[in-house]
>>> print(open('work-v9.pdb').read())   # PDB, C-alpha atoms
ATOM      1  CA  MET G   1     -70.285  54.418  81.859  1.00  0.00           C
ATOM      2  CA  SER G   2     -69.431  56.360  84.982  1.00  0.00           C
ATOM      3  CA  LEU G   3     -71.078  59.446  86.387  1.00  0.00           C
ATOM      4  CA  ASP G   4     -70.379  61.585  89.444  1.00  0.00           C
ATOM      5  CA  VAL G   5     -73.518  63.198  90.837  1.00  0.00           C
ATOM      6  CA  PRO G   6     -73.447  66.181  93.229  1.00  0.00           C
ATOM      7  CA  SER G   7     -75.161  65.664  96.566  1.00  0.00           C
ATOM      8  CA  ASP G   8     -78.205  67.711  95.621  1.00  0.00           C
ATOM      9  CA  LEU G   9     -81.570  66.068  95.051  1.00  0.00           C
ATOM     10  CA  GLY G  10     -82.160  68.362  92.075  1.00  0.00           C
ATOM     11  CA  TYR G  11     -79.634  66.300  90.127  1.00  0.00           C
ATOM     12  CA  VAL G  12     -81.489  62.997  90.576  1.00  0.00           C
ATOM     13  CA  GLY G  13     -83.856  63.447  87.628  1.00  0.00           C
ATOM     14  CA  PRO G  14     -81.197  64.642  85.130  1.00  0.00           C
ATOM     15  CA  ALA G  15     -78.767  61.897  86.211  1.00  0.00           C
ATOM     16  CA  VAL G  16     -81.455  59.246  85.760  1.00  0.00           C
ATOM     17  CA  GLU G  17     -82.240  60.552  82.274  1.00  0.00           C
ATOM     18  CA  LEU G  18     -78.561  60.581  81.272  1.00  0.00           C
ATOM     19  CA  ILE G  19     -78.173  56.928  82.203  1.00  0.00           C
ATOM     20  CA  ALA G  20     -81.559  55.781  80.900  1.00  0.00           C
ATOM     21  CA  ASP G  21     -80.769  57.394  77.533  1.00  0.00           C
ATOM     22  CA  GLN G  22     -77.961  54.853  77.083  1.00  0.00           C
ATOM     23  CA  PHE G  23     -80.560  52.082  76.972  1.00  0.00           C
ATOM     24  CA  GLN G  24     -83.141  53.680  74.700  1.00  0.00           C
ATOM     25  CA  GLY G  25     -83.362  53.276  70.951  1.00  0.00           C
ATOM     26  CA  GLY G  26     -81.765  50.408  69.002  1.00  0.00           C
ATOM     27  CA  GLY G  27     -78.489  48.493  69.157  1.00  0.00           C
ATOM     28  CA  THR G  28     -76.436  47.213  72.088  1.00  0.00           C
ATOM     29  CA  PRO G  29     -76.646  48.007  74.980  1.00  0.00           C
ATOM     30  CA  ARG G  30     -79.913  49.566  73.919  1.00  0.00           C
ATOM     31  CA  ALA G  31     -81.520  46.247  73.006  1.00  0.00           C
ATOM     32  CA  LEU G  32     -80.644  44.661  76.343  1.00  0.00           C
ATOM     33  CA  LEU G  33     -83.617  45.974  78.310  1.00  0.00           C
ATOM     34  CA  SER G  34     -87.152  46.424  77.027  1.00  0.00           C
ATOM     35  CA  PRO G  35     -88.306  50.037  76.606  1.00  0.00           C
ATOM     36  CA  ARG G  36     -90.875  49.455  79.327  1.00  0.00           C
ATOM     37  CA  ARG G  37     -88.255  48.287  81.847  1.00  0.00           C
ATOM     38  CA  VAL G  38     -86.046  51.250  81.005  1.00  0.00           C
ATOM     39  CA  ARG G  39     -88.938  53.669  81.287  1.00  0.00           C
ATOM     40  CA  PHE G  40     -90.135  52.404  84.642  1.00  0.00           C
ATOM     41  CA  ASN G  41     -87.941  49.853  86.464  1.00  0.00           C
ATOM     42  CA  LEU G  42     -84.519  51.276  85.675  1.00  0.00           C
ATOM     43  CA  ARG G  43     -85.532  54.909  86.128  1.00  0.00           C
ATOM     44  CA  THR G  44     -87.438  54.408  89.379  1.00  0.00           C
ATOM     45  CA  ALA G  45     -84.836  52.131  90.987  1.00  0.00           C
ATOM     46  CA  LEU G  46     -81.972  54.415  90.030  1.00  0.00           C
ATOM     47  CA  ALA G  47     -83.836  57.460  91.348  1.00  0.00           C
ATOM     48  CA  GLU G  48     -84.330  55.646  94.666  1.00  0.00           C
ATOM     49  CA  ALA G  49     -80.688  54.632  94.943  1.00  0.00           C
ATOM     50  CA  LEU G  50     -79.451  58.142  94.114  1.00  0.00           C
ATOM     51  CA  ALA G  51     -81.840  59.838  96.516  1.00  0.00           C
ATOM     52  CA  ASN G  52     -80.825  57.475  99.323  1.00  0.00           C
ATOM     53  CA  ALA G  53     -77.135  58.066  98.633  1.00  0.00           C
ATOM     54  CA  ILE G  54     -77.526  61.855  98.576  1.00  0.00           C
ATOM     55  CA  ALA G  55     -79.832  62.157 101.575  1.00  0.00           C
ATOM     56  CA  TYR G  56     -78.786  59.368 103.941  1.00  0.00           C
ATOM     57  CA  GLY G  57     -75.272  58.631 102.690  1.00  0.00           C
ATOM     58  CA  ASN G  58     -73.718  61.987 101.867  1.00  0.00           C
ATOM     59  CA  ARG G  59     -76.251  63.923 103.946  1.00  0.00           C
ATOM     60  CA  TYR G  60     -76.488  66.639 101.275  1.00  0.00           C
ATOM     61  CA  ASP G  61     -72.816  67.527 101.785  1.00  0.00           C
ATOM     62  CA  PRO G  62     -71.893  69.625  98.698  1.00  0.00           C
ATOM     63  CA  HIS G  63     -68.273  68.472  98.990  1.00  0.00           C
ATOM     64  CA  ARG G  64     -69.247  64.836  98.489  1.00  0.00           C
ATOM     65  CA  LEU G  65     -70.244  63.121  95.253  1.00  0.00           C
ATOM     66  CA  VAL G  66     -72.316  60.050  94.525  1.00  0.00           C
ATOM     67  CA  ARG G  67     -70.540  57.785  92.075  1.00  0.00           C
ATOM     68  CA  VAL G  68     -72.556  55.798  89.551  1.00  0.00           C
ATOM     69  CA  ARG G  69     -71.000  53.059  87.456  1.00  0.00           C
ATOM     70  CA  VAL G  70     -72.914  51.116  84.834  1.00  0.00           C
ATOM     71  CA  GLU G  71     -71.680  47.715  83.676  1.00  0.00           C
ATOM     72  CA  VAL G  72     -73.298  46.016  80.717  1.00  0.00           C
ATOM     73  CA  SER G  73     -72.783  42.323  80.023  1.00  0.00           C
ATOM     74  CA  ARG G  74     -74.500  39.964  77.602  1.00  0.00           C
ATOM     75  CA  ASP G  75     -77.168  38.991  80.090  1.00  0.00           C
ATOM     76  CA  ALA G  76     -77.577  41.880  82.522  1.00  0.00           C
ATOM     77  CA  VAL G  77     -77.083  45.504  83.427  1.00  0.00           C
ATOM     78  CA  ARG G  78     -75.463  46.247  86.757  1.00  0.00           C
ATOM     79  CA  ILE G  79     -75.618  49.733  88.235  1.00  0.00           C
ATOM     80  CA  TYR G  80     -73.395  50.547  91.195  1.00  0.00           C
ATOM     81  CA  VAL G  81     -74.329  53.601  93.276  1.00  0.00           C
ATOM     82  CA  THR G  82     -71.761  54.556  95.910  1.00  0.00           C
ATOM     83  CA  ASP G  83     -71.701  57.362  98.444  1.00  0.00           C
ATOM     84  CA  ASP G  84     -69.152  58.562 101.008  1.00  0.00           C
ATOM     85  CA  GLY G  85     -71.347  57.958 104.027  1.00  0.00           C
ATOM     86  CA  ALA G  86     -70.925  55.615 106.934  1.00  0.00           C
ATOM     87  CA  GLY G  87     -73.331  53.106 105.413  1.00  0.00           C
ATOM     88  CA  PHE G  88     -76.307  51.405 107.001  1.00  0.00           C
ATOM     89  CA  ASP G  89     -77.712  47.968 107.672  1.00  0.00           C
ATOM     90  CA  PRO G  90     -80.568  47.353 105.224  1.00  0.00           C
ATOM     91  CA  ALA G  91     -81.893  44.581 107.458  1.00  0.00           C
ATOM     92  CA  THR G  92     -82.946  47.221 110.013  1.00  0.00           C
ATOM     93  CA  VAL G  93     -85.313  49.013 107.621  1.00  0.00           C
ATOM     94  CA  PRO G  94     -88.922  48.157 108.516  1.00  0.00           C
ATOM     95  CA  ASP G  95     -91.463  46.882 106.010  1.00  0.00           C
ATOM     96  CA  PRO G  96     -93.453  49.939 104.820  1.00  0.00           C
ATOM     97  CA  THR G  97     -96.458  47.806 103.896  1.00  0.00           C
ATOM     98  CA  LEU G  98     -97.206  46.857 107.501  1.00  0.00           C
ATOM     99  CA  PRO G  99    -100.644  48.206 108.467  1.00  0.00           C
ATOM    100  CA  GLU G 100     -99.142  50.590 111.040  1.00  0.00           C
ATOM    101  CA  ARG G 101     -96.677  52.005 108.505  1.00  0.00           C
ATOM    102  CA  VAL G 102     -98.645  52.191 105.277  1.00  0.00           C
ATOM    103  CA  GLU G 103     -99.897  55.733 105.948  1.00  0.00           C
ATOM    104  CA  ARG G 104     -96.415  57.088 106.619  1.00  0.00           C
ATOM    105  CA  GLU G 105     -95.005  59.545 104.128  1.00  0.00           C
ATOM    106  CA  ASP G 106     -91.501  58.064 104.101  1.00  0.00           C
ATOM    107  CA  GLY G 107     -89.699  54.734 104.408  1.00  0.00           C
ATOM    108  CA  ARG G 108     -90.625  53.136 101.054  1.00  0.00           C
ATOM    109  CA  GLY G 109     -87.384  53.728  99.142  1.00  0.00           C
ATOM    110  CA  LEU G 110     -85.629  50.449  99.811  1.00  0.00           C
ATOM    111  CA  PHE G 111     -88.830  48.464  99.380  1.00  0.00           C
ATOM    112  CA  VAL G 112     -89.503  50.081  95.992  1.00  0.00           C
ATOM    113  CA  LEU G 113     -85.894  49.530  94.948  1.00  0.00           C
ATOM    114  CA  ARG G 114     -86.034  45.842  95.767  1.00  0.00           C
ATOM    115  CA  SER G 115     -89.389  45.431  94.041  1.00  0.00           C
ATOM    116  CA  LEU G 116     -88.261  46.826  90.703  1.00  0.00           C
ATOM    117  CA  VAL G 117     -84.931  45.164  89.919  1.00  0.00           C
ATOM    118  CA  ASP G 118     -83.905  41.521  89.793  1.00  0.00           C
ATOM    119  CA  HIS G 119     -81.190  41.692  92.409  1.00  0.00           C
ATOM    120  CA  VAL G 120     -80.003  44.205  95.012  1.00  0.00           C
ATOM    121  CA  VAL G 121     -76.706  43.796  96.844  1.00  0.00           C
ATOM    122  CA  PHE G 122     -75.271  46.198  99.398  1.00  0.00           C
ATOM    123  CA  SER G 123     -71.581  46.396 100.146  1.00  0.00           C
ATOM    124  CA  GLU G 124     -70.502  45.185 103.566  1.00  0.00           C
ATOM    125  CA  ARG G 125     -70.158  48.775 104.786  1.00  0.00           C
ATOM    126  CA  GLY G 126     -73.579  49.610 103.359  1.00  0.00           C
ATOM    127  CA  ASN G 127     -72.484  52.696 101.405  1.00  0.00           C
ATOM    128  CA  SER G 128     -72.676  51.082  97.977  1.00  0.00           C
ATOM    129  CA  VAL G 129     -75.509  49.261  96.265  1.00  0.00           C
ATOM    130  CA  CYS G 130     -75.472  47.181  93.113  1.00  0.00           C
ATOM    131  CA  LEU G 131     -78.746  46.994  91.153  1.00  0.00           C
ATOM    132  CA  THR G 132     -78.996  44.172  88.653  1.00  0.00           C
ATOM    133  CA  LEU G 133     -81.513  44.133  85.831  1.00  0.00           C
ATOM    134  CA  ARG G 134     -81.392  40.966  83.792  1.00  0.00           C
ATOM    135  CA  ALA G 135     -81.745  41.270  80.039  1.00  0.00           C
ATOM    136  CA  GLY G 136     -85.282  41.361  78.780  1.00  0.00           C
TER     137      GLY G 136
ATOM    138  CA  MET Q 137     -91.402  67.585  83.656  1.00  0.00           C
ATOM    139  CA  SER Q 138     -94.164  69.870  84.802  1.00  0.00           C
ATOM    140  CA  PHE Q 139     -97.470  70.093  86.539  1.00  0.00           C
ATOM    141  CA  SER Q 140    -100.602  71.609  85.049  1.00  0.00           C
ATOM    142  CA  LEU Q 141    -103.629  72.658  87.067  1.00  0.00           C
ATOM    143  CA  THR Q 142    -107.085  73.065  85.588  1.00  0.00           C
ATOM    144  CA  LYS Q 143    -110.434  73.515  87.314  1.00  0.00           C
ATOM    145  CA  ASP Q 144    -113.754  72.219  86.049  1.00  0.00           C
ATOM    146  CA  LYS Q 145    -117.097  74.046  86.355  1.00  0.00           C
ATOM    147  CA  ARG Q 146    -117.746  72.509  89.773  1.00  0.00           C
ATOM    148  CA  GLY Q 147    -114.388  73.614  91.123  1.00  0.00           C
ATOM    149  CA  VAL Q 148    -112.672  70.198  90.992  1.00  0.00           C
ATOM    150  CA  VAL Q 149    -108.955  70.742  90.399  1.00  0.00           C
ATOM    151  CA  VAL Q 150    -107.238  68.370  87.960  1.00  0.00           C
ATOM    152  CA  VAL Q 151    -103.459  68.234  88.300  1.00  0.00           C
ATOM    153  CA  GLY Q 152    -101.568  66.712  85.378  1.00  0.00           C
ATOM    154  CA  VAL Q 153     -98.148  65.211  86.049  1.00  0.00           C
ATOM    155  CA  ASP Q 154     -96.021  65.343  82.919  1.00  0.00           C
ATOM    156  CA  GLY Q 155     -92.870  63.160  83.024  1.00  0.00           C
ATOM    157  CA  GLN Q 156     -92.085  62.061  86.540  1.00  0.00           C
ATOM    158  CA  LEU Q 157     -92.985  62.678  90.157  1.00  0.00           C
ATOM    159  CA  ILE Q 158     -89.782  62.227  92.097  1.00  0.00           C
ATOM    160  CA  VAL Q 159     -87.635  63.626  94.863  1.00  0.00           C
ATOM    161  CA  GLY Q 160     -86.493  66.532  92.675  1.00  0.00           C
ATOM    162  CA  ASN Q 161     -89.930  67.968  91.887  1.00  0.00           C
ATOM    163  CA  ARG Q 162     -92.299  66.700  94.575  1.00  0.00           C
ATOM    164  CA  GLN Q 163     -92.171  70.003  96.496  1.00  0.00           C
ATOM    165  CA  GLU Q 164     -93.382  71.862  93.429  1.00  0.00           C
ATOM    166  CA  LEU Q 165     -96.446  69.617  93.226  1.00  0.00           C
ATOM    167  CA  LYS Q 166     -97.059  69.931  96.960  1.00  0.00           C
ATOM    168  CA  GLN Q 167     -96.855  73.717  96.839  1.00  0.00           C
ATOM    169  CA  LYS Q 168     -99.224  74.002  93.871  1.00  0.00           C
ATOM    170  CA  VAL Q 169    -101.856  71.740  95.427  1.00  0.00           C
ATOM    171  CA  LEU Q 170    -101.632  73.376  98.864  1.00  0.00           C
ATOM    172  CA  GLU Q 171    -101.968  76.834  97.307  1.00  0.00           C
ATOM    173  CA  SER Q 172    -105.111  75.644  95.578  1.00  0.00           C
ATOM    174  CA  LEU Q 173    -106.390  74.123  98.838  1.00  0.00           C
ATOM    175  CA  ASP Q 174    -105.709  77.401 100.649  1.00  0.00           C
ATOM    176  CA  GLY Q 175    -107.621  79.124  97.859  1.00  0.00           C
ATOM    177  CA  GLY Q 176    -110.735  77.151  98.717  1.00  0.00           C
ATOM    178  CA  ALA Q 177    -110.559  74.130  96.424  1.00  0.00           C
ATOM    179  CA  LYS Q 178    -111.589  70.886  98.128  1.00  0.00           C
ATOM    180  CA  GLN Q 179    -111.701  68.232  95.452  1.00  0.00           C
ATOM    181  CA  PHE Q 180    -108.643  67.150  93.510  1.00  0.00           C
ATOM    182  CA  VAL Q 181    -107.784  64.655  90.791  1.00  0.00           C
ATOM    183  CA  ILE Q 182    -104.159  63.903  90.068  1.00  0.00           C
ATOM    184  CA  ASP Q 183    -103.844  62.718  86.486  1.00  0.00           C
ATOM    185  CA  PHE Q 184    -100.911  60.396  85.749  1.00  0.00           C
ATOM    186  CA  THR Q 185    -101.807  59.738  82.112  1.00  0.00           C
ATOM    187  CA  ARG Q 186     -98.564  61.382  80.968  1.00  0.00           C
ATOM    188  CA  THR Q 187     -96.370  60.144  83.820  1.00  0.00           C
ATOM    189  CA  GLY Q 188     -93.414  57.810  83.232  1.00  0.00           C
ATOM    190  CA  TYR Q 189     -92.390  57.034  86.770  1.00  0.00           C
ATOM    191  CA  ILE Q 190     -92.966  57.877  90.431  1.00  0.00           C
ATOM    192  CA  ASP Q 191     -90.395  57.261  93.158  1.00  0.00           C
ATOM    193  CA  SER Q 192     -90.993  56.721  96.871  1.00  0.00           C
ATOM    194  CA  SER Q 193     -90.698  60.459  97.555  1.00  0.00           C
ATOM    195  CA  GLY Q 194     -93.437  61.052  95.018  1.00  0.00           C
ATOM    196  CA  LEU Q 195     -95.592  58.426  96.713  1.00  0.00           C
ATOM    197  CA  GLY Q 196     -94.871  60.110 100.046  1.00  0.00           C
ATOM    198  CA  VAL Q 197     -96.011  63.501  98.846  1.00  0.00           C
ATOM    199  CA  LEU Q 198     -99.278  61.985  97.611  1.00  0.00           C
ATOM    200  CA  VAL Q 199     -99.872  60.480 101.073  1.00  0.00           C
ATOM    201  CA  SER Q 200     -99.107  63.863 102.651  1.00  0.00           C
ATOM    202  CA  LEU Q 201    -101.430  65.773 100.313  1.00  0.00           C
ATOM    203  CA  SER Q 202    -104.213  63.260 100.783  1.00  0.00           C
ATOM    204  CA  LYS Q 203    -104.053  63.740 104.558  1.00  0.00           C
ATOM    205  CA  LYS Q 204    -104.027  67.541 104.325  1.00  0.00           C
ATOM    206  CA  ILE Q 205    -106.925  67.612 101.861  1.00  0.00           C
ATOM    207  CA  ARG Q 206    -108.970  65.246 104.034  1.00  0.00           C
ATOM    208  CA  GLU Q 207    -108.244  67.418 107.096  1.00  0.00           C
ATOM    209  CA  GLN Q 208    -109.859  70.304 105.199  1.00  0.00           C
ATOM    210  CA  GLY Q 209    -112.899  68.201 104.402  1.00  0.00           C
ATOM    211  CA  GLY Q 210    -111.834  67.535 100.835  1.00  0.00           C
ATOM    212  CA  ASP Q 211    -110.982  64.540  98.713  1.00  0.00           C
ATOM    213  CA  LEU Q 212    -108.067  63.503  96.509  1.00  0.00           C
ATOM    214  CA  ARG Q 213    -108.423  60.943  93.723  1.00  0.00           C
ATOM    215  CA  LEU Q 214    -105.830  59.495  91.406  1.00  0.00           C
ATOM    216  CA  ALA Q 215    -106.345  58.634  87.742  1.00  0.00           C
ATOM    217  CA  GLY Q 216    -104.593  57.482  84.591  1.00  0.00           C
ATOM    218  CA  LEU Q 217    -102.049  55.120  86.155  1.00  0.00           C
ATOM    219  CA  ASN Q 218    -100.428  52.839  83.599  1.00  0.00           C
ATOM    220  CA  GLU Q 219     -99.943  49.161  84.410  1.00  0.00           C
ATOM    221  CA  ASP Q 220     -96.512  49.677  85.994  1.00  0.00           C
ATOM    222  CA  LEU Q 221     -97.641  52.563  88.190  1.00  0.00           C
ATOM    223  CA  GLN Q 222    -100.756  50.650  89.211  1.00  0.00           C
ATOM    224  CA  THR Q 223     -98.497  47.755  90.246  1.00  0.00           C
ATOM    225  CA  LEU Q 224     -96.328  50.161  92.265  1.00  0.00           C
ATOM    226  CA  PHE Q 225     -99.378  51.314  94.217  1.00  0.00           C
ATOM    227  CA  GLU Q 226    -100.433  47.713  94.787  1.00  0.00           C
ATOM    228  CA  LEU Q 227     -96.963  46.579  95.927  1.00  0.00           C
ATOM    229  CA  THR Q 228     -96.754  49.415  98.443  1.00  0.00           C
ATOM    230  CA  LYS Q 229    -100.393  48.829  99.459  1.00  0.00           C
ATOM    231  CA  LEU Q 230    -101.115  52.469  98.704  1.00  0.00           C
ATOM    232  CA  ASP Q 231    -103.966  51.305  96.491  1.00  0.00           C
ATOM    233  CA  THR Q 232    -105.793  50.783  99.801  1.00  0.00           C
ATOM    234  CA  LEU Q 233    -105.353  54.460 100.773  1.00  0.00           C
ATOM    235  CA  PHE Q 234    -106.377  56.142  97.536  1.00  0.00           C
ATOM    236  CA  SER Q 235    -109.395  56.170  95.294  1.00  0.00           C
ATOM    237  CA  ILE Q 236    -107.939  55.253  91.912  1.00  0.00           C
ATOM    238  CA  ALA Q 237    -109.886  55.706  88.683  1.00  0.00           C
ATOM    239  CA  LYS Q 238    -108.870  54.483  85.242  1.00  0.00           C
ATOM    240  CA  THR Q 239    -109.271  57.897  83.643  1.00  0.00           C
ATOM    241  CA  PRO Q 240    -109.548  61.506  84.829  1.00  0.00           C
ATOM    242  CA  ALA Q 241    -113.097  61.558  83.429  1.00  0.00           C
ATOM    243  CA  GLU Q 242    -114.037  58.601  85.640  1.00  0.00           C
ATOM    244  CA  ALA Q 243    -112.454  60.276  88.660  1.00  0.00           C
ATOM    245  CA  LEU Q 244    -114.342  63.505  87.991  1.00  0.00           C
ATOM    246  CA  ALA Q 245    -117.616  61.656  87.530  1.00  0.00           C
ATOM    247  CA  ALA Q 246    -117.180  60.007  90.934  1.00  0.00           C
ATOM    248  CA  PHE Q 247    -117.275  63.353  92.828  1.00  0.00           C
TER     249      PHE Q 247
END
>>> encode(input="work-v9.pdb", output="structure tokens")
Amino acid sequence: MSLDVPSDLGYVGPAVELIADQFQGGGTPRALLSPRRVRFNLRTALAEALANAIAYGNRYDPHRLVRVRVEVSRDAVRIYVTDDGAGFDPATVPDPTLPERVEREDGRGLFVLRSLVDHVVFSERGNSVCLTLRAG
Amino acid sequence: MSFSLTKDKRGVVVVGVDGQLIVGNRQELKQKVLESLDGGAKQFVIDFTRTGYIDSSGLGVLVSLSKKIREQGGDLRLAGLNEDLQTLFELTKLDTLFSIAKTPAEALAAF
């Protein structure tokens, strides 16, 4: 499944629902992930990745799209979220749970993303992220 | 997704979050709560009983509202988090910032 999402944060929720719907109900790929992981882990992580791509990657540019590609294999779901931005170095993002940062309103996106899926890989340029959720 | 506001006899505002609290609707929640705060309400419960997921923007708006309510001498409590949402608050250490009750009734009783 592929989906192009406009660079408007209002599309994050509907895009997440469109993709999550593919994994709800019975049958393959629906049986691959538990309803609970679809309801919470997949939705939250995808919302984070889309919001980051729209805000920090495409910088809300209405002429740019965020591309989402979903790959389903026997043992995992991989979701690629790619923007047209210059990319970033994820290693430079500070830990939001440090005592001096925990009361900040922002800066938790990457941390939440990493906490909710089994594997997160950024492209070398940093403008594409692959979220892996193992079956189960 | 929507937000519902009700007020009990003592003036405590209970805000229900139906669906999700994410980057696309967080401003709506913020506006509703701040309007209520401007209208004189001081005590708030945000009820997540019917909430599927919360992203980092949603967490951020809760931190922001909590600060603003405290600045006005009020208090914000959270209630009804399911196991996944409770874990999210614990992972981000936000469980140390908020008073979290199991149910809205418990949160209301604590005021």
>>> resolve_selection(input="work-v9.pdb", expression="the PyMOL selection byres ((chain Q and resi 150-165) around 6)", output="list in words")
Leu9 and Gly10 of chain G; Met137, Ser138, Phe139, Ser140, Leu141, Thr142, Val149, Lys166, Gln167, Lys168, Phe180, Val181, Ile182, Asp183, Phe184, Arg186, Thr187, Gly188, Tyr189, Ile190, Asp191, Ser193 and Gly194 of chain Q
>>> atom_distance(input="work-v9.pdb", atom1="atom CA of Arg101 of chain G", atom2="atom CA of Arg213 of chain Q")
20.9 Å
>>> interface_residues(input="work-v9.pdb", of="chain G", to="chain Q", cutoff="8 Å", atoms="only C-alpha atoms", output="PyMOL selection string")
chain G and resi 9-13+39-40+43-45+47-48+51+96-97+102-109+112+115
>>> write_last_selection(input="work-v9.pdb", atoms="C-alpha atoms", output="PDB file, keeping the file's coordinate frame")
ATOM      1  CA  LEU G   9     -81.570  66.068  95.051  1.00  0.00           C
ATOM      2  CA  GLY G  10     -82.160  68.362  92.075  1.00  0.00           C
ATOM      3  CA  TYR G  11     -79.634  66.300  90.127  1.00  0.00           C
ATOM      4  CA  VAL G  12     -81.489  62.997  90.576  1.00  0.00           C
ATOM      5  CA  GLY G  13     -83.856  63.447  87.628  1.00  0.00           C
ATOM      6  CA  ARG G  39     -88.938  53.669  81.287  1.00  0.00           C
ATOM      7  CA  PHE G  40     -90.135  52.404  84.642  1.00  0.00           C
ATOM      8  CA  ARG G  43     -85.532  54.909  86.128  1.00  0.00           C
ATOM      9  CA  THR G  44     -87.438  54.408  89.379  1.00  0.00           C
ATOM     10  CA  ALA G  45     -84.836  52.131  90.987  1.00  0.00           C
ATOM     11  CA  ALA G  47     -83.836  57.460  91.348  1.00  0.00           C
ATOM     12  CA  GLU G  48     -84.330  55.646  94.666  1.00  0.00           C
ATOM     13  CA  ALA G  51     -81.840  59.838  96.516  1.00  0.00           C
ATOM     14  CA  PRO G  96     -93.453  49.939 104.820  1.00  0.00           C
ATOM     15  CA  THR G  97     -96.458  47.806 103.896  1.00  0.00           C
ATOM     16  CA  VAL G 102     -98.645  52.191 105.277  1.00  0.00           C
ATOM     17  CA  GLU G 103     -99.897  55.733 105.948  1.00  0.00           C
ATOM     18  CA  ARG G 104     -96.415  57.088 106.619  1.00  0.00           C
ATOM     19  CA  GLU G 105     -95.005  59.545 104.128  1.00  0.00           C
ATOM     20  CA  ASP G 106     -91.501  58.064 104.101  1.00  0.00           C
ATOM     21  CA  GLY G 107     -89.699  54.734 104.408  1.00  0.00           C
ATOM     22  CA  ARG G 108     -90.625  53.136 101.054  1.00  0.00           C
ATOM     23  CA  GLY G 109     -87.384  53.728  99.142  1.00  0.00           C
ATOM     24  CA  VAL G 112     -89.503  50.081  95.992  1.00  0.00           C
ATOM     25  CA  SER G 115     -89.389  45.431  94.041  1.00  0.00           C
TER      26      SER G 115
END
>>> atom_distance(input="work-v9.pdb", atom1="atom CA of Tyr80 of chain G", atom2="atom CA of Val68 of chain G")
5.6 Å
>>> axis_aligned_box(input="work-v9.pdb", around="segment 162-179 of chain Q", padding_each_side="4 Å", output="AutoDock Vina command-line options")
--center_x -101.9 --center_y 72.9 --center_z 96.9 --size_x 27.5 --size_y 20.4 --size_z 15.4
>>> atom_distance(input="work-v9.pdb", atom1="atom CA of Pro35 of chain G", atom2="atom CA of Gly216 of chain Q")
19.6 Å
>>> resolve_selection(input="work-v9.pdb", expression="the PyMOL selection byres ((chain Q and resi 239) around 9)", output="VMD selection string")
chain Q and resid 183 to 185 214 to 217 236 to 238 240 to 244
>>> residues_near_point(input="work-v9.pdb", point="(-112.2, 75.3, 95.8)", cutoff="10 Å", atoms="all atoms listed in the file", output="ChimeraX atom specification")
/Q:143,146-149,172-180,210
>>> write_last_selection(input="work-v9.pdb", atoms="C-alpha atoms", output="PDB file, keeping the file's coordinate frame")
ATOM      1  CA  LYS Q 143    -110.434  73.515  87.314  1.00  0.00           C
ATOM      2  CA  ARG Q 146    -117.746  72.509  89.773  1.00  0.00           C
ATOM      3  CA  GLY Q 147    -114.388  73.614  91.123  1.00  0.00           C
ATOM      4  CA  VAL Q 148    -112.672  70.198  90.992  1.00  0.00           C
ATOM      5  CA  VAL Q 149    -108.955  70.742  90.399  1.00  0.00           C
ATOM      6  CA  SER Q 172    -105.111  75.644  95.578  1.00  0.00           C
ATOM      7  CA  LEU Q 173    -106.390  74.123  98.838  1.00  0.00           C
ATOM      8  CA  ASP Q 174    -105.709  77.401 100.649  1.00  0.00           C
ATOM      9  CA  GLY Q 175    -107.621  79.124  97.859  1.00  0.00           C
ATOM     10  CA  GLY Q 176    -110.735  77.151  98.717  1.00  0.00           C
ATOM     11  CA  ALA Q 177    -110.559  74.130  96.424  1.00  0.00           C
ATOM     12  CA  LYS Q 178    -111.589  70.886  98.128  1.00  0.00           C
ATOM     13  CA  GLN Q 179    -111.701  68.232  95.452  1.00  0.00           C
ATOM     14  CA  PHE Q 180    -108.643  67.150  93.510  1.00  0.00           C
ATOM     15  CA  GLY Q 210    -111.834  67.535 100.835  1.00  0.00           C
TER      16      GLY Q 210
END
>>> resolve_selection(input="work-v9.pdb", expression="the PyMOL selection byres ((chain G and resi 116-130) around 7)", output="JSON list (two decimals) with C-alpha atoms, in the coordinates of the input")
[["chain", "number", "residue", "atom", "x", "y", "z"],
["G", 41, "ASN", "CA", -87.94, 49.85, 86.46],
["G", 45, "ALA", "CA", -84.84, 52.13, 90.99],
["G", 57, "GLY", "CA", -75.27, 58.63, 102.69],
["G", 78, "ARG", "CA", -75.46, 46.25, 86.76],
["G", 79, "ILE", "CA", -75.62, 49.73, 88.24],
["G", 80, "TYR", "CA", -73.40, 50.55, 91.20],
["G", 81, "VAL", "CA", -74.33, 53.60, 93.28],
["G", 82, "THR", "CA", -71.76, 54.56, 95.91],
["G", 83, "ASP", "CA", -71.70, 57.36, 98.44],
["G", 84, "ASP", "CA", -69.15, 58.56, 101.01],
["G", 85, "GLY", "CA", -71.35, 57.96, 104.03],
["G", 86, "ALA", "CA", -70.92, 55.62, 106.93],
["G", 87, "GLY", "CA", -73.33, 53.11, 105.41],
["G", 88, "PHE", "CA", -76.31, 51.40, 107.00],
["G", 89, "ASP", "CA", -77.71, 47.97, 107.67],
["G", 112, "VAL", "CA", -89.50, 50.08, 95.99],
["G", 113, "LEU", "CA", -85.89, 49.53, 94.95],
["G", 114, "ARG", "CA", -86.03, 45.84, 95.77],
["G", 115, "SER", "CA", -89.39, 45.43, 94.04],
["G", 131, "LEU", "CA", -78.75, 46.99, 91.15],
["G", 132, "THR", "CA", -79.00, 44.17, 88.65],
["G", 133, "LEU", "CA", -81.51, 44.13, 85.83],
["G", 134, "ARG", "CA", -81.39, 40.97, 83.79]]
>>> residues_around(input="work-v9.pdb", residues="Tyr60 of chain G", least_positions_apart="4", cutoff="10 Å", atoms="only C-alpha atoms", output="tab-separated table (two decimals) with C-alpha atoms, in the frame of the given file")
chain	number	residue	atom	x	y	z
G	6	PRO	CA	-73.45	66.18	93.23
G	7	SER	CA	-75.16	65.66	96.57
G	8	ASP	CA	-78.20	67.71	95.62
G	9	LEU	CA	-81.57	66.07	95.05
G	51	ALA	CA	-81.84	59.84	96.52
G	53	ALA	CA	-77.14	58.07	98.63
G	54	ILE	CA	-77.53	61.86	98.58
G	55	ALA	CA	-79.83	62.16	101.58
G	56	TYR	CA	-78.79	59.37	103.94
G	64	ARG	CA	-69.25	64.84	98.49
G	65	LEU	CA	-70.24	63.12	95.25
